[in-house]
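As provided, work-v2.cif (mmCIF, C-alpha atoms) reads as follows.
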```cif
data_structure
#
loop_
_atom_site.label_atom_id
_atom_site.label_comp_id
_atom_site.auth_asym_id
_atom_site.auth_seq_id
_atom_site.Cartn_x
_atom_site.Cartn_y
_atom_site.Cartn_z
CA MET A 9 135.61 -60.83 -117.21
CA LEU A 10 135.71 -59.68 -113.64
CA ARG A 11 133.39 -56.72 -113.07
CA GLN A 12 135.17 -54.03 -111.11
CA LEU A 13 133.69 -52.12 -108.23
CA LEU A 14 135.49 -49.72 -105.96
CA THR A 15 134.04 -48.55 -102.66
CA GLU A 16 135.12 -45.56 -100.61
CA ASN A 17 136.14 -47.91 -97.82
CA ASN A 18 138.42 -49.80 -100.21
CA VAL A 19 140.07 -46.54 -101.23
CA ALA A 20 140.52 -45.49 -97.60
CA MET A 21 141.92 -48.89 -96.65
CA ILE A 22 144.56 -48.87 -99.38
CA LYS A 23 145.48 -45.21 -98.86
CA ASN A 24 145.97 -45.85 -95.15
CA LYS A 25 148.14 -48.87 -95.85
CA LEU A 26 150.25 -46.98 -98.39
CA ALA A 27 150.74 -44.05 -96.08
CA CYS A 28 151.66 -46.35 -93.19
CA SER A 29 154.08 -48.40 -95.29
CA VAL A 30 155.81 -45.32 -96.69
CA SER A 31 156.04 -43.67 -93.27
CA VAL A 32 157.61 -46.78 -91.73
CA ALA A 33 160.05 -47.12 -94.63
CA LEU A 34 161.11 -43.48 -94.45
CA SER A 35 161.52 -43.68 -90.70
CA SER A 36 163.98 -46.54 -91.10
CA LEU A 37 165.84 -44.63 -93.82
CA VAL A 38 166.17 -41.60 -91.58
CA LEU A 39 167.53 -43.70 -88.75
CA SER A 40 170.02 -45.53 -90.95
CA THR A 41 171.27 -42.70 -93.17
CA SER A 42 170.56 -39.47 -91.28
CA ALA A 43 169.24 -38.18 -94.61
CA PHE A 44 166.32 -37.13 -94.93
CA ALA A 45 158.26 -43.38 -103.31
CA THR A 46 147.20 -48.37 -113.07
CA ASN A 47 149.20 -44.64 -112.15
CA THR A 48 152.59 -45.76 -110.95
CA TYR A 49 153.03 -42.44 -109.14
CA PHE A 50 151.18 -39.22 -108.34
CA ASP A 51 152.56 -35.68 -108.60
CA ALA A 52 150.14 -32.75 -108.62
CA ARG A 53 152.18 -30.69 -111.09
CA ASN A 54 152.48 -33.50 -113.62
CA ASN A 55 148.89 -34.67 -113.05
CA ALA A 56 147.57 -31.14 -113.64
CA MET A 57 149.47 -31.06 -116.95
CA GLY A 58 147.74 -34.15 -118.31
CA GLY A 59 150.19 -36.64 -116.83
CA VAL A 60 153.25 -35.46 -118.76
CA GLY A 61 156.64 -35.61 -117.09
CA VAL A 62 159.24 -37.61 -119.03
CA ALA A 63 160.81 -34.41 -120.35
CA SER A 64 159.22 -31.80 -118.08
CA SER A 65 159.27 -33.10 -114.49
CA HIS A 66 160.80 -31.04 -111.71
CA TYR A 67 164.03 -32.66 -110.58
CA GLY A 68 162.57 -33.21 -107.11
CA ILE A 69 159.97 -35.74 -108.37
CA ALA A 70 161.84 -36.96 -111.47
CA ALA A 71 163.13 -40.14 -109.82
CA LEU A 72 159.62 -41.61 -110.21
CA VAL A 73 159.21 -40.58 -113.86
CA ASN A 74 162.56 -40.26 -115.61
CA PRO A 75 165.67 -40.61 -113.42
CA ALA A 76 167.75 -38.66 -115.93
CA LEU A 77 165.91 -35.47 -114.97
CA VAL A 78 167.15 -35.77 -111.38
CA ALA A 79 170.32 -34.07 -112.71
CA LYS A 80 168.30 -31.28 -114.38
CA ASP A 81 168.23 -28.93 -111.41
CA ASP A 82 169.06 -25.29 -110.76
CA LYS A 83 172.50 -25.74 -109.22
CA LYS A 84 172.84 -21.97 -108.76
CA THR A 85 170.03 -21.80 -106.18
CA ASP A 86 169.10 -25.31 -105.01
CA ASP A 87 171.05 -27.59 -102.72
CA PHE A 88 168.24 -29.92 -101.65
CA SER A 89 164.65 -30.87 -102.55
CA LEU A 90 162.12 -32.72 -100.41
CA VAL A 91 158.67 -33.96 -101.46
CA LEU A 92 156.70 -34.63 -98.26
CA PRO A 93 154.29 -36.01 -99.36
CA SER A 94 152.54 -36.37 -102.69
CA VAL A 95 149.13 -38.07 -102.59
CA GLY A 96 146.57 -38.78 -105.32
CA ILE A 97 143.44 -40.75 -106.20
CA GLN A 98 141.46 -41.48 -109.37
CA VAL A 99 138.03 -43.11 -109.61
CA SER A 100 135.64 -43.82 -112.51
CA ASP A 101 132.01 -44.68 -111.71
CA LYS A 102 130.00 -44.27 -114.90
CA ASP A 103 127.14 -46.49 -113.66
CA ASP A 104 126.83 -45.00 -110.15
CA LEU A 105 127.71 -48.43 -108.85
CA ILE A 106 128.96 -47.21 -105.47
CA ASP A 107 125.47 -45.91 -104.70
CA GLY A 108 123.97 -49.15 -106.04
CA ILE A 109 126.06 -51.28 -103.66
CA ASP A 110 125.01 -49.11 -100.72
CA ASN A 111 121.37 -49.54 -101.73
CA VAL A 112 121.71 -53.33 -101.89
CA SER A 113 123.19 -53.39 -98.39
CA ASP A 114 120.43 -51.20 -96.95
CA ILE A 115 117.62 -53.16 -98.59
CA TYR A 116 119.06 -56.51 -97.50
CA ASP A 117 119.14 -55.31 -93.88
CA ARG A 118 115.46 -54.35 -94.05
CA PHE A 119 114.59 -57.62 -95.81
CA ASP A 120 116.45 -59.67 -93.21
CA ALA A 121 114.82 -57.78 -90.32
CA ALA A 122 111.34 -58.33 -91.81
CA ILE A 123 111.94 -62.08 -92.06
CA LYS A 124 113.13 -62.31 -88.46
CA ASN A 125 110.13 -60.24 -87.27
CA SER A 126 107.69 -62.40 -89.30
CA ASP A 127 106.53 -59.27 -91.13
CA ASN A 128 105.47 -61.08 -94.31
CA LEU A 129 104.16 -58.03 -96.14
CA THR A 130 107.32 -55.99 -95.58
CA ALA A 131 109.46 -59.01 -96.50
CA GLN A 132 107.50 -59.32 -99.76
CA ILE A 133 108.05 -55.65 -100.61
CA GLU A 134 111.75 -55.72 -99.73
CA ALA A 135 112.26 -58.96 -101.69
CA LYS A 136 111.02 -57.14 -104.79
CA ASN A 137 113.26 -54.16 -104.07
CA LEU A 138 116.30 -56.35 -103.41
CA ALA A 139 115.84 -58.35 -106.62
CA SER A 140 115.56 -55.10 -108.57
CA GLU A 141 118.73 -53.64 -107.04
CA LEU A 142 120.73 -56.83 -107.61
CA ARG A 143 119.77 -56.76 -111.27
CA SER A 144 120.69 -53.07 -111.52
CA ILE A 145 124.30 -53.65 -110.42
CA ASP A 146 124.84 -56.70 -112.63
CA ALA A 147 127.49 -56.29 -115.38
CA LYS A 148 128.43 -52.76 -114.29
CA TYR A 149 131.76 -51.53 -112.96
CA VAL A 150 133.74 -48.83 -111.20
CA ASP A 151 137.53 -48.66 -110.95
CA GLY A 152 140.26 -46.53 -109.45
CA ASN A 153 143.76 -46.25 -108.01
CA VAL A 154 145.58 -44.39 -105.27
CA GLY A 155 149.17 -43.50 -104.50
CA VAL A 156 151.53 -41.72 -102.11
CA ASN A 157 155.24 -40.95 -102.25
CA ILE A 158 158.07 -39.18 -100.46
CA VAL A 159 161.24 -38.11 -102.31
CA ALA A 160 164.50 -36.52 -101.11
CA THR A 161 166.92 -35.22 -103.77
CA LEU A 162 170.48 -33.94 -103.47
CA PRO A 163 171.74 -32.16 -106.61
CA ALA A 164 175.49 -31.84 -107.11
CA ARG A 165 177.88 -31.02 -109.96
CA TRP A 166 179.52 -34.43 -109.77
CA GLY A 167 176.12 -36.12 -110.03
CA SER A 168 172.70 -35.98 -108.44
CA ALA A 169 170.98 -38.52 -106.20
CA SER A 170 167.35 -39.02 -105.22
CA LEU A 171 166.12 -41.31 -102.45
CA PHE A 172 162.44 -42.24 -102.55
CA ALA A 173 159.59 -44.36 -101.25
CA ASN A 174 156.67 -44.70 -103.64
CA GLY A 175 153.47 -46.67 -103.13
CA TYR A 176 150.59 -47.15 -105.52
CA GLY A 177 147.61 -49.46 -105.50
CA SER A 178 144.60 -50.57 -107.51
CA VAL A 179 141.38 -52.26 -106.40
CA ALA A 180 138.83 -54.41 -108.20
CA VAL A 181 135.71 -55.51 -106.33
CA ALA A 182 133.21 -57.74 -108.13
CA THR A 183 129.78 -59.19 -107.47
CA ASN A 184 128.54 -62.45 -108.89
CA VAL A 185 124.74 -62.29 -108.66
CA ALA A 186 123.37 -65.83 -108.38
CA GLN A 187 120.31 -66.73 -110.45
CA SER A 188 119.09 -68.84 -107.51
CA ASP A 189 118.90 -65.67 -105.38
CA LEU A 190 116.92 -63.84 -108.03
CA ALA A 191 114.52 -66.77 -108.40
CA LEU A 192 113.97 -66.95 -104.64
CA LEU A 193 113.45 -63.19 -104.29
CA ASP A 194 111.07 -63.10 -107.27
CA ALA A 195 109.00 -65.88 -105.69
CA ALA A 196 108.90 -64.05 -102.34
CA ALA A 197 107.97 -60.80 -104.06
CA ALA A 198 105.05 -62.51 -105.83
CA ASP A 199 103.62 -64.21 -102.74
CA ALA A 200 103.74 -63.01 -99.12
CA THR A 201 103.25 -66.61 -97.99
CA VAL A 202 106.53 -67.59 -99.65
CA ALA A 203 108.22 -64.61 -98.01
CA GLY A 204 106.88 -65.69 -94.63
CA ALA A 205 108.23 -69.21 -95.10
CA LEU A 206 111.83 -68.06 -95.57
CA PRO A 207 114.23 -69.18 -92.80
CA ASN A 208 115.44 -66.64 -90.24
CA ASP A 209 119.07 -67.40 -91.10
CA LEU A 210 118.63 -66.93 -94.86
CA LYS A 211 121.95 -66.48 -96.65
CA LEU A 212 122.30 -65.37 -100.24
CA ASP A 213 124.39 -67.37 -102.71
CA SER A 214 125.58 -64.24 -104.53
CA GLU A 215 129.29 -63.71 -104.04
CA GLY A 216 131.32 -60.59 -103.42
CA ARG A 217 135.01 -60.60 -104.29
CA ALA A 218 137.72 -57.96 -103.81
CA VAL A 219 141.01 -58.17 -105.67
CA ALA A 220 143.70 -55.59 -104.95
CA ALA A 221 147.40 -54.96 -105.46
CA LEU A 222 149.74 -52.66 -103.59
CA VAL A 223 153.19 -51.96 -105.05
CA GLN A 224 155.87 -50.39 -102.87
CA ASP A 225 159.10 -49.13 -104.46
CA TYR A 226 162.12 -48.06 -102.40
CA GLY A 227 164.97 -46.83 -104.52
CA LEU A 228 167.92 -44.55 -105.17
CA ALA A 229 168.04 -42.67 -108.48
CA LEU A 230 171.49 -41.60 -109.68
CA ALA A 231 171.88 -39.10 -112.52
CA LYS A 232 174.64 -37.20 -114.26
CA VAL A 233 175.04 -34.73 -117.12
CA VAL A 234 177.52 -35.53 -119.87
CA GLU A 235 178.30 -33.48 -122.95
CA ILE A 236 178.09 -35.07 -126.39
CA GLN A 237 179.10 -32.90 -129.34
CA GLY A 238 178.36 -29.79 -127.34
CA LEU A 239 174.91 -30.89 -126.21
CA PRO A 240 174.09 -31.67 -122.56
CA VAL A 241 172.79 -35.23 -122.17
CA HIS A 242 171.29 -36.35 -118.86
CA VAL A 243 171.50 -40.04 -117.96
CA GLY A 244 169.94 -41.74 -114.97
CA VAL A 245 169.45 -45.15 -113.40
CA THR A 246 167.31 -46.29 -110.48
CA PRO A 247 167.88 -49.61 -108.73
CA LYS A 248 164.97 -50.29 -106.39
CA LEU A 249 163.52 -52.79 -103.98
CA GLN A 250 159.98 -53.66 -105.02
CA LYS A 251 157.38 -55.30 -102.80
CA VAL A 252 154.02 -56.40 -104.20
CA ASP A 253 151.14 -57.25 -101.89
CA THR A 254 148.11 -58.91 -103.48
CA PHE A 255 144.68 -59.42 -101.94
CA ASN A 256 141.97 -61.87 -103.00
CA TYR A 257 138.93 -61.73 -100.75
CA ALA A 258 135.69 -63.60 -101.43
CA THR A 259 132.56 -64.19 -99.38
CA ARG A 260 128.78 -64.18 -99.61
CA VAL A 261 127.59 -60.75 -100.64
CA ASP A 262 125.54 -60.39 -97.46
CA ASP A 263 128.67 -61.03 -95.37
CA PHE A 264 130.97 -58.77 -97.40
CA GLU A 265 133.09 -56.54 -95.14
CA THR A 266 135.69 -54.24 -96.69
CA SER A 267 137.67 -54.29 -93.44
CA ASP A 268 138.35 -58.01 -94.03
CA VAL A 269 140.10 -57.47 -97.39
CA ASN A 270 143.42 -56.87 -95.64
CA ASP A 271 143.18 -60.03 -93.54
CA SER A 272 146.24 -62.29 -93.78
CA ARG A 273 144.04 -65.16 -95.01
CA TYR A 274 143.53 -63.33 -98.29
CA ARG A 275 146.90 -61.58 -98.58
CA ASP A 276 150.14 -62.65 -100.22
CA SER A 277 153.44 -60.79 -100.68
CA GLU A 278 156.40 -61.03 -103.01
CA THR A 279 159.59 -58.97 -102.88
CA GLY A 280 162.29 -58.53 -105.52
CA PHE A 281 164.49 -56.04 -107.29
CA ASN A 282 163.69 -53.85 -110.28
CA ALA A 283 165.21 -50.89 -112.10
CA ASP A 284 164.41 -47.80 -114.16
CA LEU A 285 166.51 -46.06 -116.82
CA GLY A 286 166.25 -42.57 -118.28
CA LEU A 287 167.74 -40.23 -120.86
CA ALA A 288 167.19 -36.54 -121.56
CA LEU A 289 168.73 -34.27 -124.17
CA ASP A 290 168.68 -30.47 -124.10
CA TYR A 291 168.67 -28.54 -127.35
CA SER A 292 168.12 -24.81 -127.02
CA GLN A 293 164.82 -24.45 -125.13
CA LEU A 294 163.71 -28.01 -125.92
CA THR A 295 164.19 -31.10 -123.80
CA PHE A 296 163.71 -34.58 -125.26
CA GLY A 297 163.19 -37.41 -122.79
CA LEU A 298 163.00 -41.19 -122.79
CA SER A 299 162.32 -43.39 -119.77
CA ALA A 300 162.00 -47.12 -119.21
CA ARG A 301 160.42 -48.04 -115.89
CA ASN A 302 160.20 -51.50 -114.30
CA LEU A 303 162.69 -53.15 -116.63
CA ILE A 304 162.19 -56.55 -115.00
CA ALA A 305 158.78 -58.02 -115.84
CA ARG A 306 157.00 -59.91 -113.07
CA ASP A 307 153.73 -61.80 -112.75
CA VAL A 308 152.50 -61.93 -109.16
CA ASP A 309 149.65 -64.32 -108.32
CA THR A 310 147.13 -63.85 -105.55
CA LYS A 311 146.22 -66.63 -103.17
CA VAL A 312 143.66 -69.15 -104.43
CA ILE A 313 140.40 -68.22 -102.70
CA GLU A 314 137.14 -70.05 -103.42
CA GLY A 315 138.84 -71.79 -106.35
CA LYS A 316 140.02 -68.60 -108.10
CA LYS A 317 143.27 -66.68 -108.33
CA PHE A 318 144.31 -63.58 -110.25
CA THR A 319 147.59 -62.31 -111.66
CA TYR A 320 149.02 -58.82 -111.24
CA GLN A 321 151.46 -57.92 -114.02
CA ILE A 322 154.44 -55.61 -113.74
CA ALA A 323 155.89 -54.94 -117.18
CA PRO A 324 158.40 -52.48 -118.67
CA LEU A 325 156.81 -49.11 -119.44
CA VAL A 326 158.70 -47.11 -122.06
CA THR A 327 157.65 -43.48 -122.56
CA THR A 328 159.04 -40.68 -124.69
CA GLY A 329 158.41 -36.98 -124.24
CA VAL A 330 159.32 -33.46 -125.27
CA ALA A 331 159.14 -30.18 -123.38
CA TYR A 332 159.54 -26.54 -124.45
CA ARG A 333 160.53 -24.11 -121.71
CA THR A 334 160.52 -20.32 -121.54
CA ASP A 335 160.53 -17.79 -118.72
CA LEU A 336 156.72 -17.71 -118.99
CA GLY A 337 156.15 -21.43 -118.62
CA THR A 338 156.35 -24.90 -120.13
CA LEU A 339 154.62 -26.89 -122.86
CA ALA A 340 155.06 -30.69 -122.88
CA ALA A 341 153.84 -33.92 -124.46
CA ASP A 342 154.36 -37.60 -123.56
CA LEU A 343 153.66 -40.81 -125.45
CA ASP A 344 153.72 -44.35 -124.08
CA LEU A 345 155.57 -46.68 -126.44
CA THR A 346 154.47 -49.76 -124.50
CA GLU A 347 151.31 -50.74 -122.64
CA THR A 348 150.58 -50.11 -118.98
CA LYS A 349 149.80 -53.43 -117.31
CA GLY A 350 147.82 -54.30 -114.20
CA PHE A 351 145.62 -57.25 -113.34
CA SER A 352 145.66 -59.62 -116.30
CA HIS A 353 141.85 -59.76 -116.48
CA ILE A 354 141.68 -55.98 -117.06
CA LYS A 355 142.55 -54.48 -120.43
CA SER A 356 145.91 -52.74 -120.78
CA SER A 357 146.18 -49.02 -121.55
CA GLN A 358 148.56 -46.85 -123.57
CA TYR A 359 148.48 -43.10 -123.00
CA ALA A 360 149.24 -39.91 -124.90
CA SER A 361 149.37 -36.71 -122.85
CA VAL A 362 149.79 -32.98 -123.48
CA GLY A 363 149.95 -30.15 -120.98
CA GLY A 364 151.18 -26.69 -120.19
CA GLU A 365 152.13 -24.42 -117.32
CA LEU A 366 152.13 -20.63 -116.97
CA ASP A 367 154.60 -19.41 -114.38
CA ALA A 368 154.29 -16.05 -112.59
CA TRP A 369 157.86 -15.17 -111.54
CA GLY A 370 158.29 -18.56 -109.87
CA TRP A 371 155.74 -17.72 -107.16
CA ALA A 372 152.51 -19.02 -108.72
CA GLN A 373 151.59 -21.38 -111.56
CA LEU A 374 148.51 -22.24 -113.58
CA ARG A 375 148.39 -25.61 -115.34
CA ALA A 376 146.14 -27.57 -117.69
CA GLY A 377 146.34 -30.69 -119.83
CA TYR A 378 144.66 -33.62 -121.52
CA ARG A 379 145.29 -37.36 -121.41
CA THR A 380 143.85 -40.06 -123.66
CA ASP A 381 144.12 -43.83 -123.82
CA LEU A 382 145.16 -44.75 -127.35
CA LYS A 383 143.49 -48.14 -126.94
CA GLY A 384 140.20 -46.44 -126.12
CA ASP A 385 139.36 -48.50 -123.03
CA MET A 386 140.24 -46.08 -120.21
CA PRO A 387 138.59 -42.67 -119.65
CA ASN A 388 139.99 -39.59 -121.38
CA MET A 389 140.90 -36.95 -118.80
CA VAL A 390 140.89 -33.15 -118.79
CA THR A 391 143.20 -31.87 -116.09
CA ALA A 392 143.93 -28.56 -114.39
CA GLY A 393 145.68 -27.25 -111.33
CA LEU A 394 147.62 -24.52 -109.66
CA GLY A 395 150.80 -24.09 -107.72
CA LEU A 396 151.90 -21.69 -105.01
CA SER A 397 155.60 -21.32 -104.21
CA PRO A 398 156.29 -18.39 -101.86
CA PHE A 399 159.96 -17.42 -101.80
CA LYS A 400 160.51 -20.38 -104.14
CA VAL A 401 161.07 -22.51 -101.04
CA VAL A 402 157.70 -23.97 -100.02
CA HIS A 403 155.66 -25.43 -102.90
CA LEU A 404 151.98 -26.39 -102.71
CA ASP A 405 150.64 -27.99 -105.90
CA LEU A 406 147.02 -29.01 -106.46
CA ALA A 407 145.50 -30.94 -109.38
CA GLY A 408 142.02 -31.96 -110.44
CA MET A 409 141.05 -34.45 -113.14
CA VAL A 410 137.69 -34.97 -114.83
CA GLY A 411 136.92 -37.28 -117.73
CA SER A 412 134.60 -39.57 -119.60
CA ASP A 413 132.74 -42.37 -117.79
CA LYS A 414 132.33 -40.05 -114.77
CA ALA A 415 136.05 -40.31 -114.10
CA MET A 416 137.50 -37.92 -111.56
CA GLY A 417 140.61 -37.55 -109.50
CA ALA A 418 142.71 -35.24 -107.40
CA ALA A 419 146.30 -34.90 -106.25
CA VAL A 420 148.18 -32.72 -103.78
CA THR A 421 151.94 -32.35 -103.45
CA MET A 422 153.90 -30.53 -100.78
CA SER A 423 157.56 -29.95 -101.54
CA TYR A 424 160.45 -27.83 -100.36
CA THR A 425 163.59 -26.60 -102.11
CA PHE A 426 166.56 -25.06 -100.35
#
```

Conversion result in C-alpha cells:
Amino acid sequence: MLRQLLTENNVAMIKNKLACSVSVALSSLVLSTSAFATNTYFDARNNAMGGVGVASSHYGIAALVNPALVAKDDKKTDDFSLVLPSVGIQVSDKDDLIDGIDNVSDIYDRFDAAIKNSDNLTAQIEAKNLASELRSIDAKYVDGNVGVNIVATLPARWGSASLFANGYGSVAVATNVAQSDLALLDAAAADATVAGALPNDLKLDSEGRAVAALVQDYGLALAKVVEIQGLPVHVGVTPKLQKVDTFNYATRVDDFETSDVNDSRYRDSETGFNADLGLALDYSQLTFGLSARNLIARDVDTKVIEGKKFTYQIAPLVTTGVAYRTDLGTLAADLDLTETKGFSHIKSSQYASVGGELDAWGWAQLRAGYRTDLKGDMPNMVTAGLGLSPFKVVHLDLAGMVGSDKAMGAAVTMSYTF
C-alpha cells in the first residue's frame, strides 16, 4: 500500500490552488449574475461541533451539507447570507514523518557536498546518518486534507436558493526506499575509501511520489418547506458542476521538488455533473435530517507516471442526523450510512459525530464535539471552538481539532447575515 506523507509545502500548494480556483469562479459568477463552494467541506461551526451538520447546520452553509436546510432560515430577520470565506486544514503525523523528510534532505545535501569536496571522512559519517534516516522513514505515513468555500444564500418564502463554490483536496506523498541505496550507503559508512570512490554525480535510486486530488464543486442549492400532516418538511436539491484535478508526480528522492507536483506533465482533469439531495423534518424542538451527497459515482484516474497510476473515487455519501434546539443552544449527532471514499489505495472511513453549542443571546457561542471513524482506521477527533457575532450581522467562527495519531486541524469561517 502506498505510504502517505504530507509536507507543509504540499498543503500550501493545494490551499493556494483552491483559493485561486474559487476566487476565479466567484469572480465570473459576480460578473454574469450580479449576485453576489477526505472532508468534502469545511465550516468552523460544524467542525467545532464534531463535524455534525446534517440536521444542525446554519442555512448559510447548509448547501454543502444538507441542501434542505437552506430553507431553514429566520425569515423574520434575514434577507441574505454570505460566507466569505471558510477555510480549513487537517493533518495527522503520528510518526513525525514531516521532520524525518526534512532531515533526509539536509543530510543528503551534506553527503553530496562531502563527495564533491573529496572529504572522505565526512562522506563516511554522512553516509551512515543518511542510511539511518532513510530507514527511519520507511513504512511510516502522514496524511491530511484542506478546503475552502464561498457561499451566498437568498432565503425567501416561495423557496430559498444558495449559490456556492467549494473546493477540497487531499494529498498523499510516498517514498520508496531502494535496498540498493541502503547497501551503498552502508558500504560507504563502513569504509572511508568506498565513500571516497563514489562519483560526484551520485544519484539515489529511491523514489519519491506525490499523488493528489483537488475537487471543485460549483452549484446552486434550491430548497423549499412543505407541510405534511401539520409538520414542516424541508426538501432540497443541488445540481452542480464538478471538476476533479488529479496529480501523479514521481522522481528520484534526491530530485523531489514539491513545486513540481502541479506541473502539467503530472496533472490530469475531468469535468462532469453531480447532484446532492436533502430532507429535514421539524418536530417540536427536534430536527431530523437526511442528506445524500455526490449521487453520481465517478472513478477518476491519474496519469500513468513511471508505470503507475492511481484512482480517486467519488461515491454517494448518505448521512443522517438529529438536532435539538433551545434558546440556550443546540445538541446534535450525525451518522454516516455509507463510506467516505478517496484514493482507492487508502482505506475508506465512516464517521459518527456528536456536538453541542451554547449560545449567549446570539452574540457569542461556545462549541465542542467528538468524531470517530466507525471502521477504526482514521483518527478520532476532539473538537472545540467559539463564535463571535456582534449585532448578529458579522460572524467569526473558529474551530480546533485534536485527535489520536497526532491528528490536528483548524478552521475559520467569516460570514455575514443581513

Work out how far atom CA of Gly216 of chain A is from atom CA of Arg260 of chain A, in Å to one decimal.
5.8 Å

Shell of 12 Å around Asn111 of chain A, all atoms listed in the file, local chain residues under 2 positions omitted, as a list of chain:residue names:
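Contacts, with the query itself left out: A:Asp104, A:Leu105, A:Ile106, A:Asp107, A:Gly108, A:Ile109, A:Ser113, A:Asp114, A:Ile115, A:Tyr116, A:Asp117, A:Arg118, A:Glu134, A:Asn137, A:Leu138, A:Ala139, A:Ser140, A:Glu141, A:Leu142, A:Ser144, A:Ile145.
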
Just checking: using only C-alpha atoms, which residue out of A:Ala79, A:Ala220, A:Tyr226, A:Tyr291 ends up closest to Arg275 of chain A?
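Nearest candidate to Arg275 of chain A out of A:Ala79, A:Ala220, A:Tyr226, A:Tyr291: A:Ala220.
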
Return the single residue from A:Asp209, A:Asp225, A:Asp199, A:Asp151 that is closest to Ala121 of chain A, with distances computed using all atoms listed in the file.
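Of A:Asp209, A:Asp225, A:Asp199, A:Asp151, the one nearest Ala121 of chain A, counting all atoms listed in the file, is A:Asp209.
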
Could you state which residues are captured by the PyMOL selection byres ((chain A and resi 367) around 6) in this file, as a CSV table (one decimal) with C-alpha atoms, in the frame of the given file?
```
chain,number,residue,atom,x,y,z
A,336,LEU,CA,156.7,-17.7,-119.0
A,337,GLY,CA,156.2,-21.4,-118.6
A,366,LEU,CA,152.1,-20.6,-117.0
A,368,ALA,CA,154.3,-16.0,-112.6
A,370,GLY,CA,158.3,-18.6,-109.9
A,373,GLN,CA,151.6,-21.4,-111.6
```

Care to translate the PyMOL selection byres ((chain A and resi 186) around 8) into actual residues of this file, as a PyMOL selection string?
chain A and resi 184-185+187-190+213-215

Segment 156-173 of chain A: which residues within 7 Å, counting only C-alpha atoms, same-chain residues fewer than 3 positions away excluded, as number ranges by chain?
A: 26-27, 30, 44-45, 50, 68-69, 71, 78-79, 81, 83, 87-96, 176, 225-232

Ser64 of chain A surroundings by all atoms listed in the file, 8 Å radius, close-in-sequence under 6 positions cut, as a PyMOL selection string:
chain A and resi 295+330-331+338+340

Considering only C-alpha atoms, state which residue in the set A:Lys211, A:Arg375, A:His353, A:Lys317 is at the smallest distance from Asn256 of chain A.
A:Lys317

Would you mind completing segment 97-101 of chain A so that it carries all heavy atoms, and writing it out as a short mmCIF file (atom, residue, chain, number, x, y, z; two decimals), keeping the file's coordinate frame?
```cif
data_model
loop_
_atom_site.label_atom_id
_atom_site.label_comp_id
_atom_site.auth_asym_id
_atom_site.auth_seq_id
_atom_site.Cartn_x
_atom_site.Cartn_y
_atom_site.Cartn_z
N ILE A 97 144.48 -39.72 -106.03
CA ILE A 97 143.44 -40.75 -106.20
C ILE A 97 142.70 -40.50 -107.50
O ILE A 97 142.51 -39.34 -107.90
CB ILE A 97 142.47 -40.75 -105.00
CG1 ILE A 97 141.41 -41.86 -105.16
CG2 ILE A 97 141.81 -39.39 -104.82
CD1 ILE A 97 140.55 -42.04 -103.92
N GLN A 98 142.31 -41.56 -108.18
CA GLN A 98 141.46 -41.48 -109.37
C GLN A 98 140.37 -42.56 -109.28
O GLN A 98 140.65 -43.69 -108.89
CB GLN A 98 142.27 -41.69 -110.65
CG GLN A 98 143.17 -40.55 -111.02
CD GLN A 98 143.82 -40.73 -112.38
OE1 GLN A 98 143.33 -41.48 -113.22
NE2 GLN A 98 144.92 -40.06 -112.61
N VAL A 99 139.15 -42.19 -109.65
CA VAL A 99 138.03 -43.11 -109.61
C VAL A 99 137.15 -42.87 -110.83
O VAL A 99 136.96 -41.72 -111.25
CB VAL A 99 137.18 -42.94 -108.33
CG1 VAL A 99 135.99 -43.88 -108.35
CG2 VAL A 99 138.03 -43.19 -107.09
N SER A 100 136.61 -43.92 -111.42
CA SER A 100 135.64 -43.82 -112.51
C SER A 100 134.41 -44.64 -112.14
O SER A 100 134.52 -45.83 -111.87
CB SER A 100 136.24 -44.34 -113.82
OG SER A 100 135.26 -44.37 -114.84
N ASP A 101 133.25 -44.00 -112.11
CA ASP A 101 132.01 -44.68 -111.71
C ASP A 101 130.88 -44.27 -112.65
O ASP A 101 129.95 -43.57 -112.27
CB ASP A 101 131.66 -44.32 -110.26
CG ASP A 101 130.48 -45.11 -109.73
OD1 ASP A 101 130.05 -46.06 -110.42
OD2 ASP A 101 129.99 -44.78 -108.64
#
```
